[in-house]
Amino acid sequence: METTQQIELFRRQYFQLVDPKQLHFPHTDVLKLPQVQEDLYSRFFSESKISFLPPARYRFRVLKALIDVLQEAFHDPEEDEISDSLTACFADLVAQPPMSDIDLAQQKSYVTYTTPIQSSEAPSITTLEARSVLASSGNTGARTWEAALRLGGYLFSDAGRHHVAGKNILELGAGTGFLSILCAKYLDARFVLATDGSGEVVDSIQSNLYLNGLEGAGNIQADVLKWGHAIVGGMGEGQEEARHYMLILGADITYDEASIPALVSTLQELFMRHEGIKALISATLRNEDTLKTFTDACSSNGFHVERLQIPLVKEENQIGFFFPTSTPILIFMITRREMEVDPWSASSASESS
């Protein structure tokens with residue numbers, strides 16, 4: 001891998017806040033170059049030059065790991081040294097007071113997700129989110145989950161773009177709005193409605209629309225939609241009734257067994273309102289029984305559930321939308337099952353008479 005590609009991969013992982021233990025540091029022969037170290041400081045750590053800087057604790061961990069790598073590679077004390085900029089930056093980070101566990105859990109950070117293509121000009125999405133939220137907590141909409149990154153990678157691929165281009169799309173449990181922003185900004189969606197059951201989460205989506213230059217854009221809106229509640233009136237500034245949706249998106253929305261009946265009820269209503277609509281649901285396989293509850297509920301309510309066979313990019317080969325592959329992430333296509341007509345039914349008999 002060329003020097004520029006090594007640094008670009010490192011940059012993408014760094015601004016997505018990938019665990020420092022999983023970062024692909026450039027080769028030590030590259031890192032030892034004084035001009036490279038100055039470039040790293042300017043592009044990765046300078047508070048005056050970077051708009052969406054990672055949190056101080058993360059910068060400290062990455063810079064410490066970087067310095068450790070450099071020190072292990074040094075052989076000539078007179079020739080090999082760490083730049084003054086990096087050294088001063090590390091000293092400043094060390095001097096910052098530690099945050100409490102509670103503050104760390106509630107801290108929101110800028111996270112930039114770069115699309116998985118080989119280009120220094122690859123498009124990206126930046127969100128403000130709480131990275132320390134756990135899947136078992138009640139505030140799961142505060143971060144972008146791995147299932148969204150897996151589904152986003154598929155939709156961004158040549159094989160997946162056709163699902164989005166020119167379509168009206170509704171996302172359920174949109175969380176940070178990552179998928180909705182991807183579709184509206186880069187995948188030529190006609191219109192995207194990002195929904196969530198929490199008004200606070202919807203407010204956060206609005207903030208993320210602003211971060212990505214979509215505030216006031218005519219092709220994306222965010223609104224509250226509570227699963228299991230009848231869709232009365234209109235969502236998206238009253239345009240729901242007039243707008244025909246063709247695709248539902250959902251990522252990591254099947255993890256809570258208690259919410260599945262309400263979720264399937266909402267899917268039922270949306271499929272009844274919008275003829276020909278389909279759904280793409282991405283699910284991290286944390287609990288097989290919970291996922292089976294969802295797929296069984298879909299089947300018993302007249303849906304056809306198909307697991308898509310999408311090639312998995314191994315972690316060491318990922319170049320954007322980074323996510324761990326240790327836990328399976330499955331993507332399902334859900335469509336309305338064709339109702340079989342009984343030729344001997346009363347309605348059929350009356351139609352033929």
# chains A, B, ... in the order shown; residues from 1 in each chain; ligands from 1
>>> residues_around(residues="range 82-95 of chain A", least_positions_apart="3", cutoff="8 Å", atoms="only C-alpha atoms", output="MDAnalysis selection string")
chainID A and resid 32 34 37:38 41 45 56:57 59:60 63:64 67 70
>>> write_last_selection(atoms="all heavy atoms", output="CSV table (one decimal), in the first residue's frame")
chain,number,residue,atom,x,y,z
A,32,LYS,N,8.2,7.8,10.7
A,32,LYS,CA,9.5,8.4,11.1
A,32,LYS,C,9.8,9.7,10.4
A,32,LYS,O,10.6,10.5,10.8
A,32,LYS,CB,10.6,7.4,11.1
A,32,LYS,CG,10.6,6.3,12.2
A,32,LYS,CD,11.8,5.6,12.3
A,32,LYS,CE,12.2,4.8,11.1
A,32,LYS,NZ,13.5,4.0,11.4
A,34,PRO,N,9.9,13.3,9.2
A,34,PRO,CA,9.5,14.5,9.9
A,34,PRO,C,8.3,15.2,9.2
A,34,PRO,O,7.3,15.7,9.9
A,34,PRO,CB,10.7,15.4,9.8
A,34,PRO,CG,11.9,14.5,9.7
A,34,PRO,CD,11.3,13.3,8.9
A,37,GLN,N,5.1,13.4,10.2
A,37,GLN,CA,4.6,13.7,11.5
A,37,GLN,C,4.0,15.1,11.6
A,37,GLN,O,2.9,15.3,12.3
A,37,GLN,CB,5.8,13.6,12.5
A,37,GLN,CG,6.4,12.2,12.7
A,37,GLN,CD,7.4,12.2,13.7
A,37,GLN,OE1,7.4,12.9,14.7
A,37,GLN,NE2,8.5,11.3,13.5
A,38,GLU,N,4.5,16.0,10.9
A,38,GLU,CA,3.9,17.4,10.9
A,38,GLU,C,2.5,17.3,10.2
A,38,GLU,O,1.6,18.0,10.6
A,38,GLU,CB,4.8,18.4,10.2
A,38,GLU,CG,6.0,18.8,11.0
A,38,GLU,CD,5.6,19.4,12.3
A,38,GLU,OE1,4.6,20.2,12.3
A,38,GLU,OE2,6.2,19.1,13.3
A,41,TYR,N,0.0,15.8,12.6
A,41,TYR,CA,-0.4,16.8,13.6
A,41,TYR,C,-1.5,17.7,13.0
A,41,TYR,O,-2.5,18.0,13.6
A,41,TYR,CB,0.8,17.6,14.1
A,41,TYR,CG,0.3,18.8,15.0
A,41,TYR,CD1,-0.2,18.6,16.2
A,41,TYR,CD2,0.3,20.1,14.4
A,41,TYR,CE1,-0.7,19.6,17.0
A,41,TYR,CE2,-0.1,21.1,15.2
A,41,TYR,CZ,-0.6,20.9,16.5
A,41,TYR,OH,-1.1,22.0,17.2
A,45,PHE,N,-4.7,16.3,14.7
A,45,PHE,CA,-4.7,16.7,16.1
A,45,PHE,C,-4.8,18.2,16.4
A,45,PHE,O,-5.1,18.7,17.5
A,45,PHE,CB,-3.4,16.2,16.8
A,45,PHE,CG,-3.3,14.7,16.8
A,45,PHE,CD1,-2.4,14.1,15.9
A,45,PHE,CD2,-4.0,13.9,17.7
A,45,PHE,CE1,-2.3,12.7,15.9
A,45,PHE,CE2,-3.9,12.6,17.7
A,45,PHE,CZ,-3.0,11.9,16.8
A,56,ALA,N,-11.1,14.6,23.4
A,56,ALA,CA,-9.7,14.6,23.9
A,56,ALA,C,-9.2,13.3,24.4
A,56,ALA,O,-8.1,12.9,24.2
A,56,ALA,CB,-9.6,15.6,25.1
A,57,ARG,N,-10.1,12.5,25.0
A,57,ARG,CA,-9.7,11.2,25.5
A,57,ARG,C,-9.3,10.3,24.4
A,57,ARG,O,-8.3,9.5,24.5
A,57,ARG,CB,-10.8,10.6,26.4
A,57,ARG,CG,-10.6,9.2,26.9
A,57,ARG,CD,-9.4,9.2,27.9
A,57,ARG,NE,-9.1,7.8,28.3
A,57,ARG,CZ,-8.0,7.5,29.0
A,57,ARG,NH1,-7.1,8.4,29.3
A,57,ARG,NH2,-7.8,6.3,29.4
A,59,ARG,N,-8.2,11.3,21.4
A,59,ARG,CA,-7.0,11.8,20.8
A,59,ARG,C,-5.8,11.4,21.6
A,59,ARG,O,-4.7,11.0,21.1
A,59,ARG,CB,-7.1,13.3,20.7
A,59,ARG,CG,-7.9,13.8,19.5
A,59,ARG,CD,-7.9,15.3,19.5
A,59,ARG,NE,-8.9,15.8,20.4
A,59,ARG,CZ,-8.8,17.0,21.1
A,59,ARG,NH1,-7.7,17.7,21.0
A,59,ARG,NH2,-9.7,17.4,21.9
A,60,PHE,N,-5.9,11.4,23.0
A,60,PHE,CA,-4.9,11.0,23.9
A,60,PHE,C,-4.5,9.5,23.6
A,60,PHE,O,-3.3,9.2,23.5
A,60,PHE,CB,-5.3,11.2,25.3
A,60,PHE,CG,-4.4,10.5,26.3
A,60,PHE,CD1,-3.2,11.1,26.7
A,60,PHE,CD2,-4.8,9.3,26.9
A,60,PHE,CE1,-2.3,10.4,27.6
A,60,PHE,CE2,-4.0,8.7,27.8
A,60,PHE,CZ,-2.7,9.2,28.1
A,63,LEU,N,-2.8,9.2,20.1
A,63,LEU,CA,-1.4,9.8,20.1
A,63,LEU,C,-0.4,9.0,20.9
A,63,LEU,O,0.7,8.8,20.6
A,63,LEU,CB,-1.5,11.2,20.5
A,63,LEU,CG,-0.2,12.1,20.4
A,63,LEU,CD1,0.3,11.9,19.0
A,63,LEU,CD2,-0.5,13.5,20.7
A,64,LYS,N,-0.9,8.5,22.1
A,64,LYS,CA,0.0,7.6,22.9
A,64,LYS,C,0.4,6.4,22.2
A,64,LYS,O,1.6,6.0,22.2
A,64,LYS,CB,-0.7,7.3,24.2
A,64,LYS,CG,0.2,6.4,25.2
A,64,LYS,CD,-0.6,6.1,26.4
A,64,LYS,CE,0.4,5.4,27.4
A,64,LYS,NZ,1.0,4.2,26.9
A,67,ILE,N,2.9,7.4,19.5
A,67,ILE,CA,4.3,7.6,20.0
A,67,ILE,C,4.9,6.3,20.4
A,67,ILE,O,6.2,6.1,20.2
A,67,ILE,CB,4.1,8.6,21.3
A,67,ILE,CG1,3.8,10.0,20.8
A,67,ILE,CG2,5.4,8.6,22.0
A,67,ILE,CD1,3.5,11.0,21.9
A,70,LEU,N,6.3,4.7,17.4
A,70,LEU,CA,7.5,5.5,16.9
A,70,LEU,C,8.7,5.1,17.8
A,70,LEU,O,9.8,4.9,17.2
A,70,LEU,CB,7.3,7.0,16.9
A,70,LEU,CG,6.4,7.5,15.7
A,70,LEU,CD1,6.0,8.9,16.0
A,70,LEU,CD2,7.2,7.4,14.4
>>> residues_around(residues="Ser207 in chain A", least_positions_apart="3", cutoff="12 Å", atoms="only C-alpha atoms", output="ChimeraX atom specification")
/A:110,126-129,175-178,181,200-204,210-216,221-222
>>> closest_atom_pairs(of="range 112-224 of chain A", to="range 258-281 of chain A", cutoff="12 Å", atoms="only C-alpha atoms", output="CSV")
residue,atom,partner,partner_atom,distance
A:Ala147,CA,A:Ile281,CA,9.0
A:Ala148,CA,A:Ile281,CA,9.4
A:Arg150,CA,A:Ile281,CA,10.8
A:Leu151,CA,A:Ile281,CA,8.2
A:Gly152,CA,A:Leu280,CA,10.9
A:Tyr154,CA,A:Leu280,CA,10.7
A:Leu155,CA,A:Leu280,CA,10.0
A:Gly160,CA,A:Leu280,CA,10.7
A:His163,CA,A:Leu280,CA,9.1
A:Val164,CA,A:Leu280,CA,10.7
A:Lys167,CA,A:Ile277,CA,10.3
A:Asn168,CA,A:Ile277,CA,9.9
A:Ile169,CA,A:Ile277,CA,9.5
A:Leu170,CA,A:Ala279,CA,9.3
A:Glu171,CA,A:Ala279,CA,9.4
A:Leu172,CA,A:Leu263,CA,8.9
A:Gly173,CA,A:Leu263,CA,9.8
A:Ala174,CA,A:Ile281,CA,11.9
A:Leu179,CA,A:Leu280,CA,11.6
A:Asp196,CA,A:Leu263,CA,11.6
A:Gly197,CA,A:Leu263,CA,10.9
>>> closest_atom_pairs(of="range 109-136 of chain A", to="range 12-21 of chain A", cutoff="8 Å", atoms="only C-alpha atoms", output="tab-separated table")
residue	atom	partner	partner_atom	distance
A:Val111	CA	A:Gln16	CA	5.1
A:Thr112	CA	A:Gln16	CA	5.0
A:Tyr113	CA	A:Gln16	CA	5.5
A:Thr114	CA	A:Arg12	CA	6.2
>>> closest_residue(among="A:Ser282, A:Thr290, A:Thr327, A:Thr4", to="Arg307 in chain A", atoms="only C-alpha atoms")
A:Ser282
>>> residues_around(residues="Lys108 in chain A", least_positions_apart="3", cutoff="10 Å", atoms="only C-alpha atoms", output="PyMOL selection string")
chain A and resi 54-55+103-105+111+127-132+142-143
>>> write_last_selection(atoms="all heavy atoms", output="mmCIF file, in the first residue's frame")
data_model
loop_
_atom_site.group_PDB
_atom_site.id
_atom_site.type_symbol
_atom_site.label_atom_id
_atom_site.label_comp_id
_atom_site.auth_asym_id
_atom_site.auth_seq_id
_atom_site.Cartn_x
_atom_site.Cartn_y
_atom_site.Cartn_z
ATOM 1 N N PRO A 54 -12.066 14.746 17.109
ATOM 2 C CA PRO A 54 -12.460 13.696 18.058
ATOM 3 C C PRO A 54 -12.291 14.182 19.494
ATOM 4 O O PRO A 54 -11.549 15.135 19.762
ATOM 5 C CB PRO A 54 -11.493 12.555 17.735
ATOM 6 C CG PRO A 54 -11.077 12.791 16.316
ATOM 7 C CD PRO A 54 -11.014 14.287 16.186
ATOM 8 N N PRO A 55 -12.950 13.533 20.452
ATOM 9 C CA PRO A 55 -12.836 13.956 21.853
ATOM 10 C C PRO A 55 -11.413 13.812 22.370
ATOM 11 O O PRO A 55 -10.629 12.994 21.873
ATOM 12 C CB PRO A 55 -13.803 13.026 22.588
ATOM 13 C CG PRO A 55 -13.966 11.845 21.696
ATOM 14 C CD PRO A 55 -13.846 12.374 20.302
ATOM 15 N N ASP A 103 -19.836 11.234 32.970
ATOM 16 C CA ASP A 103 -19.641 12.251 31.930
ATOM 17 C C ASP A 103 -19.200 11.619 30.611
ATOM 18 O O ASP A 103 -19.630 12.045 29.530
ATOM 19 C CB ASP A 103 -18.603 13.279 32.384
ATOM 20 C CG ASP A 103 -19.128 14.180 33.485
ATOM 21 O OD1 ASP A 103 -20.356 14.289 33.617
ATOM 22 O OD2 ASP A 103 -18.307 14.756 34.224
ATOM 23 N N LEU A 104 -18.331 10.604 30.700
ATOM 24 C CA LEU A 104 -17.880 9.915 29.491
ATOM 25 C C LEU A 104 -19.047 9.244 28.778
ATOM 26 O O LEU A 104 -19.130 9.264 27.543
ATOM 27 C CB LEU A 104 -16.814 8.875 29.840
ATOM 28 C CG LEU A 104 -15.396 9.406 30.095
ATOM 29 C CD1 LEU A 104 -14.505 8.293 30.623
ATOM 30 C CD2 LEU A 104 -14.808 10.000 28.824
ATOM 31 N N ALA A 105 -19.956 8.643 29.554
ATOM 32 C CA ALA A 105 -21.097 7.939 28.958
ATOM 33 C C ALA A 105 -22.048 8.904 28.259
ATOM 34 O O ALA A 105 -22.698 8.548 27.276
ATOM 35 C CB ALA A 105 -21.840 7.153 30.031
ATOM 36 N N VAL A 111 -18.375 12.187 14.839
ATOM 37 C CA VAL A 111 -17.908 10.952 14.208
ATOM 38 C C VAL A 111 -18.097 11.105 12.705
ATOM 39 O O VAL A 111 -19.193 11.442 12.247
ATOM 40 C CB VAL A 111 -18.685 9.713 14.704
ATOM 41 C CG1 VAL A 111 -18.048 8.439 14.165
ATOM 42 C CG2 VAL A 111 -18.746 9.681 16.227
ATOM 43 N N THR A 127 -21.642 12.911 12.098
ATOM 44 C CA THR A 127 -22.741 12.963 13.049
ATOM 45 C C THR A 127 -22.201 13.343 14.424
ATOM 46 O O THR A 127 -21.020 13.168 14.718
ATOM 47 C CB THR A 127 -23.455 11.603 13.162
ATOM 48 O OG1 THR A 127 -22.511 10.608 13.613
ATOM 49 C CG2 THR A 127 -24.034 11.177 11.827
ATOM 50 N N LEU A 128 -23.086 13.861 15.243
ATOM 51 C CA LEU A 128 -22.765 14.132 16.639
ATOM 52 C C LEU A 128 -23.513 13.088 17.452
ATOM 53 O O LEU A 128 -24.745 13.048 17.445
ATOM 54 C CB LEU A 128 -23.201 15.547 17.028
ATOM 55 C CG LEU A 128 -22.818 16.027 18.428
ATOM 56 C CD1 LEU A 128 -21.302 16.061 18.597
ATOM 57 C CD2 LEU A 128 -23.413 17.401 18.712
ATOM 58 N N GLU A 129 -22.773 12.220 18.140
ATOM 59 C CA GLU A 129 -23.407 11.088 18.801
ATOM 60 C C GLU A 129 -22.678 10.669 20.068
ATOM 61 O O GLU A 129 -21.527 11.066 20.297
ATOM 62 C CB GLU A 129 -23.507 9.898 17.846
ATOM 63 C CG GLU A 129 -22.189 9.473 17.219
ATOM 64 C CD GLU A 129 -22.387 8.345 16.207
ATOM 65 O OE1 GLU A 129 -22.679 8.631 15.031
ATOM 66 O OE2 GLU A 129 -22.233 7.183 16.610
ATOM 67 N N ALA A 130 -23.361 9.870 20.878
ATOM 68 C CA ALA A 130 -22.797 9.361 22.130
ATOM 69 C C ALA A 130 -22.261 7.959 21.879
ATOM 70 O O ALA A 130 -23.014 6.993 21.823
ATOM 71 C CB ALA A 130 -23.857 9.343 23.225
ATOM 72 N N ARG A 131 -20.964 7.835 21.741
ATOM 73 C CA ARG A 131 -20.343 6.571 21.350
ATOM 74 C C ARG A 131 -20.339 5.543 22.460
ATOM 75 O O ARG A 131 -20.161 4.352 22.209
ATOM 76 C CB ARG A 131 -18.908 6.819 20.905
ATOM 77 C CG ARG A 131 -18.795 7.684 19.676
ATOM 78 C CD ARG A 131 -19.227 6.951 18.435
ATOM 79 N NE ARG A 131 -18.265 5.938 18.059
ATOM 80 C CZ ARG A 131 -18.425 5.065 17.070
ATOM 81 N NH1 ARG A 131 -19.548 5.083 16.371
ATOM 82 N NH2 ARG A 131 -17.508 4.190 16.781
ATOM 83 N N SER A 132 -20.525 5.970 23.724
ATOM 84 C CA SER A 132 -20.433 5.037 24.844
ATOM 85 C C SER A 132 -21.749 4.347 25.166
ATOM 86 O O SER A 132 -21.811 3.530 26.078
ATOM 87 C CB SER A 132 -19.926 5.775 26.100
ATOM 88 O OG SER A 132 -18.636 6.304 25.873
ATOM 89 N N ALA A 142 -28.870 7.303 20.251
ATOM 90 C CA ALA A 142 -27.842 8.330 20.383
ATOM 91 C C ALA A 142 -26.564 7.998 19.641
ATOM 92 O O ALA A 142 -25.635 8.798 19.637
ATOM 93 C CB ALA A 142 -27.522 8.552 21.868
ATOM 94 N N ARG A 143 -26.477 6.821 18.999
ATOM 95 C CA ARG A 143 -25.264 6.479 18.268
ATOM 96 C C ARG A 143 -25.610 5.688 17.010
ATOM 97 O O ARG A 143 -26.721 5.173 16.861
ATOM 98 C CB ARG A 143 -24.300 5.674 19.143
ATOM 99 C CG ARG A 143 -24.823 4.324 19.595
ATOM 100 C CD ARG A 143 -23.701 3.453 20.150
ATOM 101 N NE ARG A 143 -22.772 3.043 19.110
ATOM 102 C CZ ARG A 143 -21.706 2.282 19.331
ATOM 103 N NH1 ARG A 143 -21.423 1.869 20.546
ATOM 104 N NH2 ARG A 143 -20.914 1.943 18.342
#
>>> residues_around(residues="range 73-77 of chain A", least_positions_apart="6", cutoff="12 Å", atoms="only C-alpha atoms", output="number ranges by chain")
A: 27-33, 66-67
>>> select_by_dssp(residues="range 107-277 of chain A", states="strand (DSSP E)", output="MDAnalysis selection string")
chainID A and resid 109:114 124:129 168:172 191:196 220:224 247:251
>>> write_last_selection(atoms="C-alpha atoms", output="PDB file, in the first residue's frame")
ATOM      1  CA  SER A 109     -18.579  13.337  19.895  1.00  0.00           C
ATOM      2  CA  TYR A 110     -18.216  14.152  16.232  1.00  0.00           C
ATOM      3  CA  VAL A 111     -17.908  10.952  14.208  1.00  0.00           C
ATOM      4  CA  THR A 112     -17.094  11.019  10.497  1.00  0.00           C
ATOM      5  CA  TYR A 113     -17.974   8.006   8.350  1.00  0.00           C
ATOM      6  CA  THR A 114     -16.151   7.845   5.029  1.00  0.00           C
ATOM      7  CA  SER A 124     -18.356  11.296   4.113  1.00  0.00           C
ATOM      8  CA  ILE A 125     -21.066  11.782   6.724  1.00  0.00           C
ATOM      9  CA  THR A 126     -20.457  13.486  10.071  1.00  0.00           C
ATOM     10  CA  THR A 127     -22.741  12.963  13.049  1.00  0.00           C
ATOM     11  CA  LEU A 128     -22.765  14.132  16.639  1.00  0.00           C
ATOM     12  CA  GLU A 129     -23.407  11.088  18.801  1.00  0.00           C
ATOM     13  CA  ASN A 168     -39.303   7.921  -1.607  1.00  0.00           C
ATOM     14  CA  ILE A 169     -37.832   6.303   1.507  1.00  0.00           C
ATOM     15  CA  LEU A 170     -38.951   6.062   5.122  1.00  0.00           C
ATOM     16  CA  GLU A 171     -36.490   5.038   7.826  1.00  0.00           C
ATOM     17  CA  LEU A 172     -37.745   3.536  11.081  1.00  0.00           C
ATOM     18  CA  PHE A 191     -37.218  11.982  -0.732  1.00  0.00           C
ATOM     19  CA  VAL A 192     -36.261  10.573   2.669  1.00  0.00           C
ATOM     20  CA  LEU A 193     -38.271  10.711   5.888  1.00  0.00           C
ATOM     21  CA  ALA A 194     -36.141   9.843   8.932  1.00  0.00           C
ATOM     22  CA  THR A 195     -38.383   8.784  11.818  1.00  0.00           C
ATOM     23  CA  ASP A 196     -37.853   7.829  15.434  1.00  0.00           C
ATOM     24  CA  ILE A 220     -35.127  14.981   3.548  1.00  0.00           C
ATOM     25  CA  GLN A 221     -37.075  15.588   6.748  1.00  0.00           C
ATOM     26  CA  ALA A 222     -37.196  14.113  10.244  1.00  0.00           C
ATOM     27  CA  ASP A 223     -40.328  13.398  12.261  1.00  0.00           C
ATOM     28  CA  VAL A 224     -41.594  11.425  15.236  1.00  0.00           C
ATOM     29  CA  LEU A 247     -38.765   1.567   0.603  1.00  0.00           C
ATOM     30  CA  ILE A 248     -38.598   1.219   4.377  1.00  0.00           C
ATOM     31  CA  LEU A 249     -35.171   1.111   6.014  1.00  0.00           C
ATOM     32  CA  GLY A 250     -34.366  -0.127   9.494  1.00  0.00           C
ATOM     33  CA  ALA A 251     -31.072  -0.941  11.211  1.00  0.00           C
TER      34      ALA A 251
END
>>> atom_distance(atom1="CA of Leu23 in chain A", atom2="CA of Pro116 in chain A")
16.1 Å
>>> select_by_dssp(residues="range 169-336 of chain A", states="helix (DSSP H, G or I)", output="PyMOL selection string")
chain A and resi 178-186+199-211+257-273+288-300+315-317
>>> closest_residue(among="A:Asn208, A:Asn301, A:Thr284, A:Gln309", to="Ile329 in chain A", atoms="only C-alpha atoms")
A:Thr284
>>> decode(residues="range 69-81 of chain A", atoms="C-alpha atoms", output="PDB file, in the first residue's frame")
ATOM      1  CA  VAL A  69       4.973   2.783  17.769  1.00  0.00           C
ATOM      2  CA  LEU A  70       7.515   5.457  16.895  1.00  0.00           C
ATOM      3  CA  GLN A  71       9.674   4.892  19.956  1.00  0.00           C
ATOM      4  CA  GLU A  72       9.867   1.160  19.258  1.00  0.00           C
ATOM      5  CA  ALA A  73      10.976   1.912  15.691  1.00  0.00           C
ATOM      6  CA  PHE A  74      13.682   4.419  16.603  1.00  0.00           C
ATOM      7  CA  HIS A  75      17.280   3.185  16.314  1.00  0.00           C
ATOM      8  CA  ASP A  76      19.363   6.354  16.085  1.00  0.00           C
ATOM      9  CA  PRO A  77      18.659   8.935  18.837  1.00  0.00           C
ATOM     10  CA  GLU A  78      20.352  11.667  16.804  1.00  0.00           C
ATOM     11  CA  GLU A  79      18.384  11.000  13.634  1.00  0.00           C
ATOM     12  CA  ASP A  80      15.050   9.677  14.932  1.00  0.00           C
ATOM     13  CA  GLU A  81      12.763  11.922  16.946  1.00  0.00           C
TER      14      GLU A  81
END
